[in-house]
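Engineer: Hey, dropping input06.cif in here, mmCIF, C-alpha atoms and all ligand atoms:
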```
data_work
loop_
_atom_site.group_PDB
_atom_site.id
_atom_site.type_symbol
_atom_site.label_atom_id
_atom_site.label_comp_id
_atom_site.auth_asym_id
_atom_site.auth_seq_id
_atom_site.Cartn_x
_atom_site.Cartn_y
_atom_site.Cartn_z
ATOM 1 C CA MET V 1 23.463 1.991 17.918
ATOM 2 C CA ALA V 2 26.218 3.516 15.725
ATOM 3 C CA HIS V 3 26.877 1.706 12.473
ATOM 4 C CA GLN V 4 29.983 1.732 10.246
ATOM 5 C CA ASN V 5 28.409 0.694 6.969
ATOM 6 C CA LEU V 6 24.872 1.911 7.430
ATOM 7 C CA LEU V 7 23.211 5.316 7.722
ATOM 8 C CA VAL V 8 19.944 5.531 9.642
ATOM 9 C CA ALA V 9 17.635 8.535 9.230
ATOM 10 C CA ASP V 10 14.134 9.132 10.595
ATOM 11 C CA ASP V 11 11.473 11.408 9.180
ATOM 12 C CA GLY V 12 8.094 11.096 10.826
ATOM 13 C CA GLY V 13 7.325 7.389 10.889
ATOM 14 C CA ILE V 14 9.648 6.672 7.947
ATOM 15 C CA ARG V 15 13.079 5.212 8.672
ATOM 16 C CA THR V 16 15.561 5.195 5.801
ATOM 17 C CA LEU V 17 18.455 2.732 5.970
ATOM 18 C CA THR V 18 21.266 3.569 3.536
ATOM 19 C CA ILE V 19 23.949 0.962 2.923
ATOM 20 C CA ASN V 20 27.072 3.071 2.976
ATOM 21 C CA ARG V 21 30.085 1.493 1.260
ATOM 22 C CA PRO V 22 29.966 3.496 -1.985
ATOM 23 C CA ASP V 23 33.635 2.861 -2.877
ATOM 24 C CA GLN V 24 32.796 -0.886 -2.946
ATOM 25 C CA LEU V 25 29.435 -0.244 -4.650
ATOM 26 C CA ASN V 26 27.747 -1.096 -1.316
ATOM 27 C CA ALA V 27 28.722 -4.785 -1.601
ATOM 28 C CA LEU V 28 27.313 -6.813 1.281
ATOM 29 C CA ASN V 29 30.142 -7.972 3.499
ATOM 30 C CA ARG V 30 29.626 -9.785 6.779
ATOM 31 C CA ALA V 31 29.808 -6.599 8.858
ATOM 32 C CA THR V 32 27.146 -4.853 6.754
ATOM 33 C CA ILE V 33 24.805 -7.828 7.000
ATOM 34 C CA ALA V 34 25.234 -7.857 10.801
ATOM 35 C CA GLU V 35 24.516 -4.118 10.981
ATOM 36 C CA LEU V 36 21.415 -4.489 8.826
ATOM 37 C CA ASP V 37 20.237 -7.371 11.023
ATOM 38 C CA GLN V 38 20.641 -5.164 14.098
ATOM 39 C CA ALA V 39 18.986 -2.157 12.439
ATOM 40 C CA LEU V 40 16.024 -4.268 11.310
ATOM 41 C CA THR V 41 15.578 -5.683 14.807
ATOM 42 C CA GLU V 42 15.615 -2.143 16.238
ATOM 43 C CA ALA V 43 13.140 -0.848 13.648
ATOM 44 C CA GLU V 44 10.837 -3.792 14.262
ATOM 45 C CA ALA V 45 10.710 -3.095 17.994
ATOM 46 C CA ASP V 46 10.268 0.680 17.683
ATOM 47 C CA PRO V 47 6.581 1.668 17.437
ATOM 48 C CA ALA V 48 7.573 5.113 16.129
ATOM 49 C CA VAL V 49 8.909 3.456 12.946
ATOM 50 C CA ARG V 50 6.046 2.584 10.610
ATOM 51 C CA VAL V 51 7.663 2.155 7.177
ATOM 52 C CA LEU V 52 11.249 1.503 6.089
ATOM 53 C CA ILE V 53 13.064 2.584 2.955
ATOM 54 C CA LEU V 54 16.217 0.661 2.077
ATOM 55 C CA THR V 55 18.688 2.169 -0.372
ATOM 56 C CA GLY V 56 22.367 2.378 -1.314
ATOM 57 C CA SER V 57 24.763 5.267 -0.918
ATOM 58 C CA GLY V 58 26.019 7.196 -3.954
ATOM 59 C CA PRO V 59 24.585 7.577 -7.452
ATOM 60 C CA LYS V 60 25.906 4.324 -8.898
ATOM 61 C CA ALA V 61 24.787 1.309 -6.905
ATOM 62 C CA PHE V 62 22.016 0.015 -4.704
ATOM 63 C CA VAL V 63 24.133 -3.039 -3.841
ATOM 64 C CA ALA V 64 26.537 -4.675 -6.347
ATOM 65 C CA GLY V 65 26.232 -8.051 -4.660
ATOM 66 C CA ALA V 66 27.673 -10.094 -1.868
ATOM 67 C CA ASP V 67 31.293 -9.130 -1.202
ATOM 68 C CA ILE V 68 33.160 -11.385 -3.646
ATOM 69 C CA LYS V 69 36.520 -10.503 -2.035
ATOM 70 C CA GLU V 70 35.281 -11.865 1.293
ATOM 71 C CA PHE V 71 34.061 -15.287 0.105
ATOM 72 C CA ALA V 72 36.469 -16.059 -2.763
ATOM 73 C CA HIS V 73 38.505 -18.551 -0.652
ATOM 74 C CA PHE V 74 35.571 -20.229 1.159
ATOM 75 C CA SER V 75 35.173 -24.020 1.531
ATOM 76 C CA VAL V 76 31.944 -25.954 0.837
ATOM 77 C CA ALA V 77 30.938 -25.753 4.515
ATOM 78 C CA GLU V 78 31.728 -22.030 4.710
ATOM 79 C CA GLY V 79 29.746 -21.383 1.522
ATOM 80 C CA LYS V 80 26.724 -23.159 2.933
ATOM 81 C CA ALA V 81 26.987 -21.269 6.223
ATOM 82 C CA LEU V 82 27.336 -17.951 4.351
ATOM 83 C CA SER V 83 24.085 -18.589 2.526
ATOM 84 C CA ALA V 84 22.185 -19.870 5.575
ATOM 85 C CA ASP V 85 23.333 -16.978 7.798
ATOM 86 C CA GLY V 86 22.454 -14.444 5.120
ATOM 87 C CA HIS V 87 18.951 -15.874 4.691
ATOM 88 C CA ARG V 88 18.301 -15.758 8.420
ATOM 89 C CA LYS V 89 19.886 -12.435 9.347
ATOM 90 C CA LEU V 90 18.957 -10.330 6.370
ATOM 91 C CA PHE V 91 16.848 -11.664 3.514
ATOM 92 C CA ASP V 92 14.160 -13.559 5.449
ATOM 93 C CA HIS V 93 14.371 -10.899 8.143
ATOM 94 C CA VAL V 94 13.449 -8.134 5.663
ATOM 95 C CA GLU V 95 10.703 -10.206 4.023
ATOM 96 C CA GLN V 96 9.129 -11.104 7.354
ATOM 97 C CA LEU V 97 9.511 -7.694 8.990
ATOM 98 C CA ASN V 98 6.363 -6.534 10.775
ATOM 99 C CA LYS V 99 6.322 -3.249 8.834
ATOM 100 C CA PRO V 100 6.495 -2.484 5.129
ATOM 101 C CA VAL V 101 9.953 -2.188 3.555
ATOM 102 C CA ILE V 102 10.411 -0.288 0.282
ATOM 103 C CA ALA V 103 13.590 -0.833 -1.764
ATOM 104 C CA ALA V 104 14.805 2.351 -3.446
ATOM 105 C CA VAL V 105 16.948 0.777 -6.169
ATOM 106 C CA ASN V 106 19.253 3.663 -7.063
ATOM 107 C CA GLY V 107 21.689 1.906 -9.439
ATOM 108 C CA PHE V 108 23.251 -1.550 -9.800
ATOM 109 C CA ALA V 109 21.280 -4.245 -7.972
ATOM 110 C CA LEU V 110 23.281 -7.354 -8.748
ATOM 111 C CA GLY V 111 23.449 -10.749 -7.097
ATOM 112 C CA GLY V 112 22.849 -10.241 -3.378
ATOM 113 C CA GLY V 113 21.781 -6.673 -4.215
ATOM 114 C CA LEU V 114 18.892 -7.807 -6.375
ATOM 115 C CA GLU V 115 18.164 -10.532 -3.830
ATOM 116 C CA LEU V 116 17.945 -7.844 -1.140
ATOM 117 C CA ALA V 117 15.623 -5.704 -3.276
ATOM 118 C CA MET V 118 13.471 -8.795 -3.921
ATOM 119 C CA SER V 119 13.216 -9.459 -0.174
ATOM 120 C CA CYS V 120 11.693 -6.009 0.288
ATOM 121 C CA HIS V 121 7.924 -5.733 -0.004
ATOM 122 C CA ILE V 122 7.912 -3.020 -2.694
ATOM 123 C CA ARG V 123 10.599 -1.993 -5.220
ATOM 124 C CA VAL V 124 11.025 1.417 -6.843
ATOM 125 C CA ALA V 125 13.917 1.830 -9.300
ATOM 126 C CA SER V 126 15.671 4.856 -10.725
ATOM 127 C CA GLY V 127 16.018 5.033 -14.512
ATOM 128 C CA ASN V 128 19.742 4.208 -14.328
ATOM 129 C CA ALA V 129 19.217 1.007 -12.306
ATOM 130 C CA ARG V 130 20.591 -2.252 -13.704
ATOM 131 C CA MET V 131 19.458 -5.566 -12.278
ATOM 132 C CA GLY V 132 20.820 -9.064 -12.622
ATOM 133 C CA LEU V 133 21.920 -12.276 -10.963
ATOM 134 C CA PRO V 134 25.491 -12.719 -12.292
ATOM 135 C CA GLU V 135 26.432 -15.585 -9.936
ATOM 136 C CA THR V 136 26.786 -18.292 -12.602
ATOM 137 C CA SER V 137 29.512 -16.145 -14.193
ATOM 138 C CA LEU V 138 31.423 -16.593 -10.914
ATOM 139 C CA GLY V 139 30.821 -20.346 -10.719
ATOM 140 C CA VAL V 140 28.085 -20.204 -8.064
ATOM 141 C CA ILE V 141 24.325 -19.773 -8.007
ATOM 142 C CA PRO V 142 22.273 -17.096 -6.242
ATOM 143 C CA GLY V 143 22.465 -18.037 -2.552
ATOM 144 C CA TYR V 144 20.427 -15.343 -0.847
ATOM 145 C CA GLY V 145 16.995 -16.436 -2.053
ATOM 146 C CA GLY V 146 17.367 -15.397 -5.699
ATOM 147 C CA THR V 147 16.458 -18.750 -7.235
ATOM 148 C CA GLN V 148 13.149 -18.652 -5.385
ATOM 149 C CA ARG V 149 12.160 -14.982 -5.146
ATOM 150 C CA LEU V 150 13.011 -14.098 -8.764
ATOM 151 C CA ALA V 151 10.891 -16.977 -10.091
ATOM 152 C CA ARG V 152 8.004 -15.880 -7.841
ATOM 153 C CA LEU V 153 8.190 -12.289 -9.069
ATOM 154 C CA VAL V 154 8.783 -12.750 -12.804
ATOM 155 C CA GLY V 155 7.964 -16.422 -13.487
ATOM 156 C CA LYS V 156 10.169 -19.465 -13.919
ATOM 157 C CA GLY V 157 11.162 -18.918 -17.559
ATOM 158 C CA LYS V 158 12.404 -15.351 -17.147
ATOM 159 C CA ALA V 159 14.153 -16.276 -13.880
ATOM 160 C CA MET V 160 15.949 -19.151 -15.591
ATOM 161 C CA GLU V 161 17.005 -16.836 -18.437
ATOM 162 C CA MET V 162 18.348 -14.188 -16.078
ATOM 163 C CA ILE V 163 20.284 -16.733 -13.992
ATOM 164 C CA PHE V 164 21.630 -18.683 -17.016
ATOM 165 C CA THR V 165 22.794 -15.618 -18.959
ATOM 166 C CA ALA V 166 24.107 -13.776 -15.862
ATOM 167 C CA GLY V 167 23.046 -10.647 -17.765
ATOM 168 C CA MET V 168 21.654 -7.341 -16.556
ATOM 169 C CA ILE V 169 18.306 -5.804 -17.406
ATOM 170 C CA LYS V 170 17.479 -2.111 -17.432
ATOM 171 C CA ALA V 171 14.902 -0.468 -15.205
ATOM 172 C CA ASP V 172 12.217 -0.252 -17.909
ATOM 173 C CA GLU V 173 12.501 -3.948 -18.667
ATOM 174 C CA ALA V 174 12.346 -4.728 -14.946
ATOM 175 C CA LEU V 175 9.126 -2.717 -14.819
ATOM 176 C CA GLN V 176 7.681 -4.651 -17.772
ATOM 177 C CA TRP V 177 8.605 -7.937 -16.096
ATOM 178 C CA GLY V 178 6.982 -6.916 -12.813
ATOM 179 C CA LEU V 179 10.324 -7.040 -11.030
ATOM 180 C CA VAL V 180 9.893 -3.422 -9.865
ATOM 181 C CA ASN V 181 6.690 -1.526 -9.105
ATOM 182 C CA HIS V 182 7.760 1.900 -10.407
ATOM 183 C CA VAL V 183 10.597 3.546 -12.336
ATOM 184 C CA VAL V 184 11.382 7.235 -11.810
ATOM 185 C CA PRO V 185 14.306 9.564 -12.633
ATOM 186 C CA GLN V 186 17.109 9.157 -10.101
ATOM 187 C CA ALA V 187 16.573 12.651 -8.640
ATOM 188 C CA GLU V 188 12.980 11.690 -7.776
ATOM 189 C CA LEU V 189 13.641 8.242 -6.363
ATOM 190 C CA ILE V 190 13.566 8.999 -2.648
ATOM 191 C CA ALA V 191 10.642 11.410 -3.084
ATOM 192 C CA LYS V 192 8.644 8.664 -4.826
ATOM 193 C CA CYS V 193 9.460 6.207 -2.031
ATOM 194 C CA ASN V 194 8.483 8.807 0.578
ATOM 195 C CA GLU V 195 5.206 9.372 -1.262
ATOM 196 C CA LEU V 196 4.424 5.650 -1.134
ATOM 197 C CA ALA V 197 5.495 5.522 2.510
ATOM 198 C CA ALA V 198 3.221 8.490 3.325
ATOM 199 C CA ALA V 199 0.232 6.653 1.818
ATOM 200 C CA ILE V 200 1.090 3.567 3.889
ATOM 201 C CA LEU V 201 1.553 5.649 7.072
ATOM 202 C CA LYS V 202 -2.148 6.528 7.069
ATOM 203 C CA ASN V 203 -3.086 2.881 7.571
ATOM 204 C CA SER V 204 -3.216 0.604 10.578
ATOM 205 C CA PRO V 205 0.191 -0.816 11.623
ATOM 206 C CA THR V 206 -1.455 -3.945 13.031
ATOM 207 C CA ALA V 207 -3.328 -4.521 9.758
ATOM 208 C CA LEU V 208 -0.149 -3.908 7.715
ATOM 209 C CA ALA V 209 1.749 -6.469 9.803
ATOM 210 C CA ALA V 210 -1.100 -8.963 9.348
ATOM 211 C CA ALA V 211 -1.153 -8.321 5.584
ATOM 212 C CA ILE V 212 2.591 -9.001 5.354
ATOM 213 C CA ARG V 213 2.166 -12.306 7.209
ATOM 214 C CA ALA V 214 -0.831 -13.354 5.092
ATOM 215 C CA VAL V 215 0.724 -12.500 1.715
ATOM 216 C CA ASN V 216 4.020 -14.156 2.691
ATOM 217 C CA ALA V 217 2.181 -17.310 3.786
ATOM 218 C CA GLY V 218 1.099 -17.920 0.197
ATOM 219 C CA PHE V 219 4.764 -18.340 -0.754
ATOM 220 C CA GLU V 220 5.873 -20.518 2.169
ATOM 221 C CA PRO V 221 6.177 -24.176 1.240
ATOM 222 C CA GLY V 222 3.629 -26.152 3.215
ATOM 223 C CA ALA V 223 1.772 -23.065 4.449
ATOM 224 C CA ASP V 224 -1.864 -22.535 3.547
ATOM 225 C CA GLY V 225 -2.143 -18.890 2.526
ATOM 226 C CA MET V 226 -5.956 -18.805 2.524
ATOM 227 C CA ARG V 227 -6.150 -20.347 5.979
ATOM 228 C CA ARG V 228 -3.584 -17.832 7.209
ATOM 229 C CA GLU V 229 -5.628 -15.003 5.710
ATOM 230 C CA ILE V 230 -8.745 -16.194 7.550
ATOM 231 C CA GLU V 231 -6.810 -16.345 10.853
ATOM 232 C CA GLU V 232 -5.181 -12.946 10.397
ATOM 233 C CA PHE V 233 -8.473 -11.380 9.284
ATOM 234 C CA GLY V 234 -10.195 -12.697 12.398
ATOM 235 C CA LYS V 235 -7.423 -11.448 14.706
ATOM 236 C CA CYS V 236 -7.820 -7.915 13.357
ATOM 237 C CA PHE V 237 -11.256 -7.773 15.011
ATOM 238 C CA GLY V 238 -9.552 -7.893 18.419
ATOM 239 C CA THR V 239 -7.343 -4.844 17.803
ATOM 240 C CA SER V 240 -7.825 -1.225 18.871
ATOM 241 C CA ASP V 241 -6.859 -0.240 15.327
ATOM 242 C CA PHE V 242 -9.919 -2.065 13.963
ATOM 243 C CA LYS V 243 -12.202 -0.299 16.440
ATOM 244 C CA GLU V 244 -10.626 3.041 15.590
ATOM 245 C CA GLY V 245 -10.750 2.428 11.810
ATOM 246 C CA THR V 246 -14.394 1.396 11.721
ATOM 247 C CA THR V 247 -15.479 4.053 14.260
ATOM 248 C CA ALA V 248 -13.676 6.783 12.305
ATOM 249 C CA PHE V 249 -15.422 5.645 9.120
ATOM 250 C CA MET V 250 -18.842 5.865 10.753
ATOM 251 C CA GLU V 251 -18.026 9.210 12.379
ATOM 252 C CA LYS V 252 -16.845 10.482 8.977
ATOM 253 C CA ARG V 253 -13.371 11.417 10.256
ATOM 254 C CA LYS V 254 -9.830 10.270 9.552
ATOM 255 C CA ALA V 255 -8.654 7.348 11.642
ATOM 256 C CA SER V 256 -5.781 7.839 14.053
ATOM 257 C CA PHE V 257 -4.183 4.442 14.573
ATOM 258 C CA SER V 258 -2.226 3.511 17.699
ATOM 259 C CA GLY V 259 -0.787 0.301 16.270
ATOM 260 C CA GLN V 260 -2.403 -1.735 19.075
HETATM 261 N N1 LIG Q 1 32.088 -7.556 -4.170
HETATM 262 C C1 LIG Q 1 33.217 -6.930 -3.801
HETATM 263 N N2 LIG Q 1 33.622 -5.785 -4.347
HETATM 264 C C2 LIG Q 1 32.866 -5.246 -5.312
HETATM 265 C C3 LIG Q 1 31.668 -5.859 -5.758
HETATM 266 C C4 LIG Q 1 31.287 -7.064 -5.132
HETATM 267 N N3 LIG Q 1 30.165 -7.699 -5.446
HETATM 268 N N4 LIG Q 1 31.131 -5.105 -6.745
HETATM 269 C C5 LIG Q 1 31.962 -4.056 -6.909
HETATM 270 N N5 LIG Q 1 33.002 -4.140 -6.057
HETATM 271 C C6 LIG Q 1 34.125 -3.214 -5.901
HETATM 272 C C7 LIG Q 1 35.152 -3.367 -7.018
HETATM 273 O O1 LIG Q 1 36.012 -4.466 -6.754
HETATM 274 C C8 LIG Q 1 35.852 -2.040 -6.949
HETATM 275 O O2 LIG Q 1 36.713 -2.045 -5.825
HETATM 276 P P1 LIG Q 1 38.268 -1.598 -5.941
HETATM 277 O O3 LIG Q 1 38.193 -0.167 -6.381
HETATM 278 O O4 LIG Q 1 38.769 -1.778 -4.550
HETATM 279 O O5 LIG Q 1 38.882 -2.486 -6.957
HETATM 280 C C9 LIG Q 1 34.713 -1.077 -6.630
HETATM 281 O O6 LIG Q 1 33.683 -1.879 -6.048
HETATM 282 C C10 LIG Q 1 34.145 -0.378 -7.859
HETATM 283 O O7 LIG Q 1 33.754 -1.369 -8.799
HETATM 284 P P2 LIG Q 1 34.239 -1.425 -10.326
HETATM 285 O O8 LIG Q 1 34.160 -2.831 -10.786
HETATM 286 O O9 LIG Q 1 35.563 -0.733 -10.458
HETATM 287 O O10 LIG Q 1 33.115 -0.526 -11.014
HETATM 288 P P3 LIG Q 1 32.638 -0.600 -12.537
HETATM 289 O O11 LIG Q 1 31.784 0.602 -12.748
HETATM 290 O O12 LIG Q 1 33.795 -0.819 -13.436
HETATM 291 O O13 LIG Q 1 31.723 -1.928 -12.624
HETATM 292 C C11 LIG Q 1 30.042 -3.479 -11.865
HETATM 293 C C12 LIG Q 1 30.516 -1.989 -11.909
HETATM 294 C C13 LIG Q 1 28.836 -3.517 -10.930
HETATM 295 C C14 LIG Q 1 29.637 -3.925 -13.262
HETATM 296 C C15 LIG Q 1 31.178 -4.380 -11.342
HETATM 297 O O14 LIG Q 1 31.664 -3.801 -10.128
HETATM 298 C C16 LIG Q 1 30.779 -5.785 -11.052
HETATM 299 O O15 LIG Q 1 30.612 -6.573 -11.955
HETATM 300 N N6 LIG Q 1 30.649 -6.142 -9.742
HETATM 301 C C17 LIG Q 1 30.362 -7.478 -9.326
HETATM 302 C C18 LIG Q 1 28.905 -7.821 -9.549
HETATM 303 C C19 LIG Q 1 28.633 -9.251 -9.157
HETATM 304 O O16 LIG Q 1 29.091 -10.193 -9.773
HETATM 305 N N7 LIG Q 1 27.832 -9.407 -8.109
HETATM 306 C C20 LIG Q 1 27.386 -10.690 -7.663
HETATM 307 C C21 LIG Q 1 28.184 -11.143 -6.516
HETATM 308 S S1 LIG Q 1 27.627 -12.727 -5.959
#
```
Can the structure in the file be given as structure tokens, please?

Structural biologist:
Amino acid sequence: MAHQNLLVADDGGIRTLTINRPDQLNALNRATIAELDQALTEAEADPAVRVLILTGSGPKAFVAGADIKEFAHFSVAEGKALSADGHRKLFDHVEQLNKPVIAAVNGFALGGGLELAMSCHIRVASGNARMGLPETSLGVIPGYGGTQRLARLVGKGKAMEMIFTAGMIKADEALQWGLVNHVVPQAELIAKCNELAAAILKNSPTALAAAIRAVNAGFEPGADGMRREIEEFGKCFGTSDFKEGTTAFMEKRKASFSGQ
């Protein structure tokens, strides 16, 4: 499907989604969220896609937040619906995708932009990246999962500080905090993400999907992560990928996974 605000590029099993509104610093308006929802659904269903990279267009911003111009006049009910729709269509969708998603944070990741990066499974930032949740400076709070995912990634105290001050942190500090996995010069950002994706591509798609479900379960209120791990572990034994992986090991060859 053709998108207006999104570029889609495939290279081997790696699909790169580039949010493409650089003149608005890739701010997430309703149309972009709908296109991302559609693109994620397509990627999920396509067995040829094994890993996703999500990034922003241009040298300046990953995503500078939800589109403030679009929601500035919203009522209480519209604000609540905006948040709920966003969670469902984009942020939970990314987090629960059945294949790994790497955020290539190429500049400002603010508000909904940082929330989007935090929904991804892995984050790599360029040296010029700046991250923050500035919502309280606008009279709102993070509404796309930021109050929960930031505290999970960096701890409650640092999350509170970032939300209360509405300030930005630099890439190196984000690395120290554990908010991003790697920091590289901007020119090497996509190459680093491709390198990570290439390492992931060697592994079983069914096992990767199970790992995503098991790790996520530990952060779902009411879910028992250990129990989920036991279930997912057991289910792996019924897959062709498991047979192929263990057979290849014993035959001293590289496994070739079908994703079944
Ligand atoms: N929503 C809507 N438009 C946005 C936006 C957002 N979150 N972030 C940036 N833009 C737009 C600007 O309005 C401007 O558009 P215009 O040229 O039509 O006026 C364009 O993107 C470029 O941004 P600008 O502010 O001129 O760039 P800058 O380099 O001076 O500042 C930022 C960069 C990121 C510091 C600044 O854009 C900013 O503070 N953005 C809002 C961040 C935010 O609060 N996000 C949380 C939203 S909940």

Engineer: What does the structure give for the distance between atom CA of V:Arg227 and atom CA of V:Ile212, in Å to one decimal?

Structural biologist: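 That distance, rounded to one decimal, is 14.3 Å.
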
Engineer: Given a cut-off of 6 Å, what residues near ligand LIG 1 (chain Q) show up using all atoms listed in the file, put as a list of chain:residue names?

Structural biologist: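 What falls inside 6 Å of ligand LIG 1 (chain Q) is V:Asp23, V:Gln24, V:Leu25, V:Ala27, V:Ala64, V:Gly65, V:Ala66, V:Asp67, V:Ile68, V:Lys69, V:Leu110, V:Gly111, V:Gly112, V:Pro134, V:Glu135.
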
Engineer: Atoms to include: C-alpha atoms. Write the selected residues as an mmCIF file, in the frame of the given file.

Structural biologist:
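Result file follows (result-v5.cif):
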```cif
data_model
loop_
_atom_site.group_PDB
_atom_site.id
_atom_site.type_symbol
_atom_site.label_atom_id
_atom_site.label_comp_id
_atom_site.auth_asym_id
_atom_site.auth_seq_id
_atom_site.Cartn_x
_atom_site.Cartn_y
_atom_site.Cartn_z
ATOM 1 C CA ASP V 23 33.635 2.861 -2.877
ATOM 2 C CA GLN V 24 32.796 -0.886 -2.946
ATOM 3 C CA LEU V 25 29.435 -0.244 -4.650
ATOM 4 C CA ALA V 27 28.722 -4.785 -1.601
ATOM 5 C CA ALA V 64 26.537 -4.675 -6.347
ATOM 6 C CA GLY V 65 26.232 -8.051 -4.660
ATOM 7 C CA ALA V 66 27.673 -10.094 -1.868
ATOM 8 C CA ASP V 67 31.293 -9.130 -1.202
ATOM 9 C CA ILE V 68 33.160 -11.385 -3.646
ATOM 10 C CA LYS V 69 36.520 -10.503 -2.035
ATOM 11 C CA LEU V 110 23.281 -7.354 -8.748
ATOM 12 C CA GLY V 111 23.449 -10.749 -7.097
ATOM 13 C CA GLY V 112 22.849 -10.241 -3.378
ATOM 14 C CA PRO V 134 25.491 -12.719 -12.292
ATOM 15 C CA GLU V 135 26.432 -15.585 -9.936
#
```

Engineer: Report as a list in words the full result of the PyMOL selection byres (((chain V and resi 48-52) around 9) and not hetatm) when it is applied to this structure.

Structural biologist: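 The output of the PyMOL selection byres (((chain V and resi 48-52) around 9) and not hetatm) on this file is Asp10, Gly12, Gly13, Ile14, Arg15, Thr16, Leu17, Ala43, Glu44, Ala45, Asp46, Pro47, Ile53, Leu54, Lys99, Pro100, Val101, Ile102, Ala103, Ala197, Ala198, Ile200, Leu201 and Pro205 of chain V.
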
Engineer: Taking C-alpha atoms for each residue, export the selection above as an mmCIF file, keeping the file's coordinate frame.

Structural biologist:
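Saved to out-v5.cif:
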```
data_model
loop_
_atom_site.group_PDB
_atom_site.id
_atom_site.type_symbol
_atom_site.label_atom_id
_atom_site.label_comp_id
_atom_site.auth_asym_id
_atom_site.auth_seq_id
_atom_site.Cartn_x
_atom_site.Cartn_y
_atom_site.Cartn_z
ATOM 1 C CA ASP V 10 14.134 9.132 10.595
ATOM 2 C CA GLY V 12 8.094 11.096 10.826
ATOM 3 C CA GLY V 13 7.325 7.389 10.889
ATOM 4 C CA ILE V 14 9.648 6.672 7.947
ATOM 5 C CA ARG V 15 13.079 5.212 8.672
ATOM 6 C CA THR V 16 15.561 5.195 5.801
ATOM 7 C CA LEU V 17 18.455 2.732 5.970
ATOM 8 C CA ALA V 43 13.140 -0.848 13.648
ATOM 9 C CA GLU V 44 10.837 -3.792 14.262
ATOM 10 C CA ALA V 45 10.710 -3.095 17.994
ATOM 11 C CA ASP V 46 10.268 0.680 17.683
ATOM 12 C CA PRO V 47 6.581 1.668 17.437
ATOM 13 C CA ILE V 53 13.064 2.584 2.955
ATOM 14 C CA LEU V 54 16.217 0.661 2.077
ATOM 15 C CA LYS V 99 6.322 -3.249 8.834
ATOM 16 C CA PRO V 100 6.495 -2.484 5.129
ATOM 17 C CA VAL V 101 9.953 -2.188 3.555
ATOM 18 C CA ILE V 102 10.411 -0.288 0.282
ATOM 19 C CA ALA V 103 13.590 -0.833 -1.764
ATOM 20 C CA ALA V 197 5.495 5.522 2.510
ATOM 21 C CA ALA V 198 3.221 8.490 3.325
ATOM 22 C CA ILE V 200 1.090 3.567 3.889
ATOM 23 C CA LEU V 201 1.553 5.649 7.072
ATOM 24 C CA PRO V 205 0.191 -0.816 11.623
#
```

Engineer: Expanded to explicit residues, what is the PyMOL selection byres (((chain V and resi 180) around 10) and not hetatm) for this file, as a JSON list (two decimals) with C-alpha atoms, keeping the file's coordinate frame?

Structural biologist:
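So result_35.json came out as:
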```json
[["chain", "number", "residue", "atom", "x", "y", "z"],
["V", 103, "ALA", "CA", 13.59, -0.83, -1.76],
["V", 104, "ALA", "CA", 14.80, 2.35, -3.45],
["V", 105, "VAL", "CA", 16.95, 0.78, -6.17],
["V", 117, "ALA", "CA", 15.62, -5.70, -3.28],
["V", 118, "MET", "CA", 13.47, -8.80, -3.92],
["V", 122, "ILE", "CA", 7.91, -3.02, -2.69],
["V", 123, "ARG", "CA", 10.60, -1.99, -5.22],
["V", 124, "VAL", "CA", 11.02, 1.42, -6.84],
["V", 125, "ALA", "CA", 13.92, 1.83, -9.30],
["V", 153, "LEU", "CA", 8.19, -12.29, -9.07],
["V", 154, "VAL", "CA", 8.78, -12.75, -12.80],
["V", 171, "ALA", "CA", 14.90, -0.47, -15.20],
["V", 172, "ASP", "CA", 12.22, -0.25, -17.91],
["V", 173, "GLU", "CA", 12.50, -3.95, -18.67],
["V", 174, "ALA", "CA", 12.35, -4.73, -14.95],
["V", 175, "LEU", "CA", 9.13, -2.72, -14.82],
["V", 176, "GLN", "CA", 7.68, -4.65, -17.77],
["V", 177, "TRP", "CA", 8.60, -7.94, -16.10],
["V", 178, "GLY", "CA", 6.98, -6.92, -12.81],
["V", 179, "LEU", "CA", 10.32, -7.04, -11.03],
["V", 181, "ASN", "CA", 6.69, -1.53, -9.10],
["V", 182, "HIS", "CA", 7.76, 1.90, -10.41],
["V", 183, "VAL", "CA", 10.60, 3.55, -12.34]]
```

Engineer: Name the residues captured by the PyMOL selection byres (((chain V and resi 95) around 8) and not hetatm) when it is applied to the shown file; answer as a list in words.

Structural biologist: Phe91, Asp92, His93, Val94, Gln96, Leu97, Ser119, Cys120, His121 and Asn216 of chain V

Engineer: Suppose you want the space between atom CA of V:Ser256 and atom CA of V:Asn194; what is it in Å?

Structural biologist: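 Straight-line distance from atom CA of V:Ser256 to atom CA of V:Asn194 works out to 19.6 Å.
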
Engineer: With distances taken over all atoms listed in the file, which residue among V:Lys80, V:Phe164, V:Ala255, V:Thr55 lies nearest V:Leu116?

Structural biologist: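 With all atoms listed in the file as the atom set, the closest residue is V:Thr55.
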
Engineer: Name all residues at most 12 Å from V:Phe257 (count only C-alpha atoms; drop same-chain ones fewer than 3 positions away) and give them as a PyMOL selection string.

Structural biologist: chain V and resi 47-48+50+200-208+239-248+254+260

Engineer: Which residue, V:Ala223, V:Glu229, V:Ile33, V:Arg253, has the smallest gap to V:Ala210 when you use only C-alpha atoms?

Structural biologist: V:Glu229

Engineer: Using only C-alpha atoms, pick whichever of V:Gly225, V:Ala2, V:Val140, V:Leu114 has the shortest atom-to-atom distance to V:Val76.

Structural biologist: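 The answer is V:Val140, which sits nearest to V:Val76.
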
Engineer: Pick out the residues sitting within 9 Å of stretch 155-163 of chain V, and hand them over as a PyMOL selection string; count all atoms listed in the file, and ignore anything fewer than 3 positions along from it in its own chain.

Structural biologist: chain V and resi 132-136+141-142+146-148+150-152+166-169+177

Engineer: So how many Å separate atom CA of V:Phe108 and atom CA of V:Pro22, to one decimal?

Structural biologist: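 Between these atoms lies a distance of 11.5 Å.
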